[in-house]
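> This structure is in structure tokens; I'll ask about it shortly.
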Amino acid sequence: MMQIFIPLNFLGFVYREMKGALANIEKMFSLLTVEPAVKDRDGAAELEIREGRIEFDDVRFGYRENREILSGVSFTVQPKQKVAIVGASGAGKSTLFKLLFRFYDVTGGRILVDGQDIRSVSQESLRRAIGVVPQDAVLFNQSILENVRYGRVEASDDEVMEAIRHAHLHDFVQQLPEGVETLVGERGLKLSGGEKQRVAIARALLKRPPIMVFDEATSSLDSKSERGILESLREIAREQTTLVIAHRLSTVVDADVILVMDQGRIVEQGSHVELLAKNGHYATLWQLQQQERTAEARTAVTQPL
Ligand code: ATP
């Protein structure tokens with residue numbers, strides 16, 4: 001009996017380890033384009049999370065010499081605040097995320113999490129404190145239940161179900177032939193962009209890290225999916241410090257602070273109402289997106305059935 005028990009127990013361990021590793025792959029897929037060049041300092045301390053405050057202090061960065069991508073970026077995300085980053089393509093939004101994860105080191109200035117320079121702590125402890133909802137979540141050929149469980153592999157079924165409910169996936173799941181046991185992924189049911197993002201949100205809710213970064217999907221969503229994502233994002237932002245790369249106005253309207261980026265700089269920051277009153281970059285972006293929305297709505301109405 002013992003002879004059987006030990007290998008099975010060991011296999012269970014290997015399985016759990018692999019699942020943990022696979023969950024990390026999602027982060028790699030979404031955020032890594034090159035091998036990380038960054039190494040821990042000798043004897044690097046563990047990051048001590050107290051409140052979840054993030055500070056970018058005069059951060060400068062370039063992927064290559066002679067081409068600066070971020071030119072003196074400073075901002076603070078207070079504990080439990082929701083901060084949205086908007087700006088044209090190529091402005092440097094994703095680069096901010098990559099630096100926060102320390103996939104690269106800043107070339108000037110510093111990034112602090114709860115007062116600790118992220119270069120002084122272990123990357124493992126830093127990444128453990130940060131959850132990510134990528135644009136395009138990786139789904140494995142398993143049930144929805146198991147796919148969500150990747151957020152915290154030791155979570156019970158009840159905890160996974162709660163995360164599914166909070167991520168507003170429940171109605172969708174109930175319509176599936178085998179509910180949460182339905183197989184998804186390459187060999188199972190294909191999920192839409194919005195549904196995949198909600199699986200990623202459910203994983204993040206299960207993990208509940210003190211800091212959450214959310215890369216909003218650029219793909220167009222129907223209004224029901226959009227509403228679902230927005231509600232689950234509010235769920236995340238209620239208890240965690242949340243940083244969102246936002247492409248849709250609906251996401252930024254209720255943010256505590258909106259950072260407007262242009263060519264590697266923060267050119268405006270404030271709430272939606274404050275920024276509209278400034279009548280600057282943000283107000284222009286807002287007007288453009290409003291026009292696009294109106295045009296889309298008109299096209300939808302005039303499309304033949
Ligand atoms: P988008 O909204 O299109 O995702 P973004 O605001 O997130 O854009 P970044 O992805 O941060 O912009 O890119 C900022 C600049 O850095 C761009 O000019 C981009 O080409 C460049 N860049 C991004 N990643 C790399 C990389 N791995 N190597 C070299 N240059 C890069």
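Here's how to read the names in the structure tokens: chain A, B, ... by the order shown, residue numbers from 1 in each chain, ligand numbers from 1 in the order shown.
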Kindly provide the residues of chain A that approach ligand 1 to within 6 Å, each paired with its closest atom pair and their distance in Å to one decimal, based on only C-alpha atoms and all ligand atoms, listed by chain and increasing number, as a Markdown table.

| residue | atom | partner | partner_atom_place_in_ligand_line | distance |
| --- | --- | --- | --- | --- |
| A:Thr33 | CA | ligand 1 | 27 (N) | 5.5 |
| A:Tyr63 | CA | ligand 1 | 29 (C) | 5.0 |
| A:Ile69 | CA | ligand 1 | 15 (C) | 5.6 |
| A:Ser89 | CA | ligand 1 | 3 (O) | 3.6 |
| A:Gly90 | CA | ligand 1 | 12 (O) | 3.4 |
| A:Ala91 | CA | ligand 1 | 6 (O) | 3.8 |
| A:Gly92 | CA | ligand 1 | 11 (O) | 3.2 |
| A:Lys93 | CA | ligand 1 | 7 (O) | 3.8 |
| A:Ser94 | CA | ligand 1 | 7 (O) | 3.7 |
| A:Thr95 | CA | ligand 1 | 11 (O) | 3.7 |
> Would you mind exporting N, CA and C atoms of the selected residues as a PDB file, in the first residue's frame?

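Result went into again_27.pdb, see below:
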ATOM      1  N   THR A  33       8.405  39.710 -24.364  1.00  0.00           N
ATOM      2  CA  THR A  33       8.714  39.544 -25.775  1.00  0.00           C
ATOM      3  C   THR A  33      10.150  39.078 -25.933  1.00  0.00           C
ATOM      4  N   TYR A  63      14.548  50.528 -24.682  1.00  0.00           N
ATOM      5  CA  TYR A  63      14.907  49.130 -24.959  1.00  0.00           C
ATOM      6  C   TYR A  63      16.313  49.062 -25.555  1.00  0.00           C
ATOM      7  N   ILE A  69      12.212  55.487 -24.492  1.00  0.00           N
ATOM      8  CA  ILE A  69      10.780  55.163 -24.631  1.00  0.00           C
ATOM      9  C   ILE A  69       9.989  55.852 -23.510  1.00  0.00           C
ATOM     10  N   SER A  89      -1.310  54.386 -29.424  1.00  0.00           N
ATOM     11  CA  SER A  89      -0.480  53.200 -29.576  1.00  0.00           C
ATOM     12  C   SER A  89       0.991  53.626 -29.637  1.00  0.00           C
ATOM     13  N   GLY A  90       1.831  52.906 -28.876  1.00  0.00           N
ATOM     14  CA  GLY A  90       3.260  53.223 -28.889  1.00  0.00           C
ATOM     15  C   GLY A  90       3.656  54.294 -27.873  1.00  0.00           C
ATOM     16  N   ALA A  91       2.699  54.773 -27.085  1.00  0.00           N
ATOM     17  CA  ALA A  91       3.000  55.839 -26.119  1.00  0.00           C
ATOM     18  C   ALA A  91       3.872  55.338 -24.964  1.00  0.00           C
ATOM     19  N   GLY A  92       3.848  54.018 -24.706  1.00  0.00           N
ATOM     20  CA  GLY A  92       4.685  53.458 -23.639  1.00  0.00           C
ATOM     21  C   GLY A  92       3.898  52.834 -22.502  1.00  0.00           C
ATOM     22  N   LYS A  93       2.618  52.565 -22.726  1.00  0.00           N
ATOM     23  CA  LYS A  93       1.751  52.045 -21.646  1.00  0.00           C
ATOM     24  C   LYS A  93       2.209  50.657 -21.195  1.00  0.00           C
ATOM     25  N   SER A  94       2.375  49.724 -22.154  1.00  0.00           N
ATOM     26  CA  SER A  94       2.772  48.361 -21.767  1.00  0.00           C
ATOM     27  C   SER A  94       4.181  48.361 -21.177  1.00  0.00           C
ATOM     28  N   THR A  95       5.007  49.272 -21.633  1.00  0.00           N
ATOM     29  CA  THR A  95       6.374  49.344 -21.100  1.00  0.00           C
ATOM     30  C   THR A  95       6.339  49.631 -19.598  1.00  0.00           C
TER      31      THR A  95
END
> Residues near region 162-170 of chain A, anyone? I mean within 9 Å using only C-alpha atoms, not counting same-chain ones fewer than 2 positions away, as a PDB file with C-alpha atoms, in the first residue's frame.

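Writing the result to selection.pdb gives the following:
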ATOM      1  CA  LEU A 145     -13.379  25.026 -13.454  1.00  0.00           C
ATOM      2  CA  VAL A 148      -9.966  29.186 -13.383  1.00  0.00           C
ATOM      3  CA  ASP A 157     -14.218  24.013  -5.812  1.00  0.00           C
ATOM      4  CA  ASP A 158     -16.353  26.402  -3.746  1.00  0.00           C
ATOM      5  CA  GLU A 159     -13.702  29.103  -3.929  1.00  0.00           C
ATOM      6  CA  VAL A 160     -13.351  28.619  -7.691  1.00  0.00           C
ATOM      7  CA  PHE A 172     -22.354  32.183 -19.485  1.00  0.00           C
ATOM      8  CA  VAL A 173     -21.214  28.958 -17.810  1.00  0.00           C
ATOM      9  CA  GLN A 174     -24.762  27.932 -16.978  1.00  0.00           C
ATOM     10  CA  GLN A 175     -25.689  27.910 -20.656  1.00  0.00           C
ATOM     11  CA  VAL A 180     -18.278  24.431 -15.328  1.00  0.00           C
ATOM     12  CA  GLU A 195     -15.187  35.440 -22.187  1.00  0.00           C
ATOM     13  CA  ARG A 198     -13.379  37.022 -17.741  1.00  0.00           C
ATOM     14  CA  VAL A 199     -11.657  33.658 -17.149  1.00  0.00           C
ATOM     15  CA  ALA A 200      -8.472  35.655 -16.548  1.00  0.00           C
ATOM     16  CA  ILE A 201     -10.363  37.945 -14.156  1.00  0.00           C
ATOM     17  CA  ALA A 202     -11.751  34.938 -12.280  1.00  0.00           C
ATOM     18  CA  ARG A 203      -8.185  33.576 -11.935  1.00  0.00           C
ATOM     19  CA  ALA A 204      -7.048  36.949 -10.613  1.00  0.00           C
ATOM     20  CA  LEU A 205      -9.945  37.113  -8.147  1.00  0.00           C
ATOM     21  CA  LEU A 206      -8.989  33.671  -6.888  1.00  0.00           C
ATOM     22  CA  GLY A 228     -19.646  42.086 -17.485  1.00  0.00           C
ATOM     23  CA  ILE A 229     -15.961  42.932 -17.695  1.00  0.00           C
ATOM     24  CA  GLU A 231     -18.434  44.928 -13.287  1.00  0.00           C
ATOM     25  CA  SER A 232     -15.758  42.333 -12.585  1.00  0.00           C
ATOM     26  CA  LEU A 233     -13.052  44.956 -12.878  1.00  0.00           C
ATOM     27  CA  GLU A 235     -14.900  43.844  -8.102  1.00  0.00           C
ATOM     28  CA  ILE A 236     -11.115  43.605  -8.401  1.00  0.00           C
TER      29      ILE A 236
END
> Counting only C-alpha atoms, which of A:Ala255, A:Val113, A:Met161, A:Leu230 gets nearest to Glu274 (chain A)?
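Smallest separation from Glu274 (chain A) among the options: A:Ala255.
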> Report as a list in words all protein, DNA and RNA residues lying within 9 Å of Leu112 (chain A), evaluated on only C-alpha atoms, omitting residues in the same chain fewer than 5 positions from it.
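Those residues are Arg53, Ile54, Glu55, Phe56, Asp57, Leu100, Asp117, Ile118 and Arg119 of chain A.
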> Interatomic distance between CA of Gly131 (chain A) and CA of Gly43 (chain A)?
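Here the two named atoms are 24.4 Å from each other.
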> May I have all residues of region 25-205 of chain A that DSSP, computed from the backbone, assigns to alpha helix (DSSP H), given as number ranges by chain?
A: 25-31, 93-100, 123-128, 144-149, 157-166, 170-174, 193-205
> Residues of the last selection are to be written out with C-alpha atoms, as a CSV table (one decimal), in the first residue's frame.

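The result, written out as part27.csv:
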chain,number,residue,atom,x,y,z
A,25,ILE,CA,3.4,31.0,-18.5
A,26,GLU,CA,0.4,33.1,-19.0
A,27,LYS,CA,2.3,36.1,-17.7
A,28,MET,CA,5.2,35.3,-19.9
A,29,PHE,CA,3.0,35.0,-23.0
A,30,SER,CA,1.3,38.3,-22.3
A,31,LEU,CA,4.2,40.4,-21.1
A,93,LYS,CA,1.8,52.0,-21.6
A,94,SER,CA,2.8,48.4,-21.8
A,95,THR,CA,6.4,49.3,-21.1
A,96,LEU,CA,5.3,50.7,-17.7
A,97,PHE,CA,3.8,47.3,-16.9
A,98,LYS,CA,7.0,45.5,-18.0
A,99,LEU,CA,9.1,47.7,-15.8
A,100,LEU,CA,6.8,47.2,-12.8
A,123,GLN,CA,11.7,39.1,-8.6
A,124,GLU,CA,9.8,36.1,-7.3
A,125,SER,CA,8.4,38.0,-4.3
A,126,LEU,CA,7.6,41.0,-6.6
A,127,ARG,CA,5.7,38.9,-9.1
A,128,ARG,CA,3.9,37.0,-6.4
A,144,ILE,CA,-13.6,25.9,-17.1
A,145,LEU,CA,-13.4,25.0,-13.5
A,146,GLU,CA,-9.8,23.8,-13.8
A,147,ASN,CA,-8.9,26.7,-16.1
A,148,VAL,CA,-10.0,29.2,-13.4
A,149,ARG,CA,-8.2,27.2,-10.7
A,157,ASP,CA,-14.2,24.0,-5.8
A,158,ASP,CA,-16.4,26.4,-3.7
A,159,GLU,CA,-13.7,29.1,-3.9
A,160,VAL,CA,-13.4,28.6,-7.7
A,161,MET,CA,-17.1,28.9,-8.1
A,162,GLU,CA,-17.2,32.1,-6.1
A,163,ALA,CA,-14.5,33.6,-8.3
A,164,ILE,CA,-16.5,32.5,-11.4
A,165,ARG,CA,-19.6,34.3,-10.0
A,166,HIS,CA,-17.6,37.5,-9.1
A,170,HIS,CA,-21.7,32.4,-14.1
A,171,ASP,CA,-24.6,33.1,-16.6
A,172,PHE,CA,-22.4,32.2,-19.5
A,173,VAL,CA,-21.2,29.0,-17.8
A,174,GLN,CA,-24.8,27.9,-17.0
A,193,GLY,CA,-12.2,37.5,-26.4
A,194,GLY,CA,-14.5,38.9,-23.7
A,195,GLU,CA,-15.2,35.4,-22.2
A,196,LYS,CA,-11.5,34.6,-22.1
A,197,GLN,CA,-10.8,37.9,-20.3
A,198,ARG,CA,-13.4,37.0,-17.7
A,199,VAL,CA,-11.7,33.7,-17.1
A,200,ALA,CA,-8.5,35.7,-16.5
A,201,ILE,CA,-10.4,37.9,-14.2
A,202,ALA,CA,-11.8,34.9,-12.3
A,203,ARG,CA,-8.2,33.6,-11.9
A,204,ALA,CA,-7.0,36.9,-10.6
A,205,LEU,CA,-9.9,37.1,-8.1
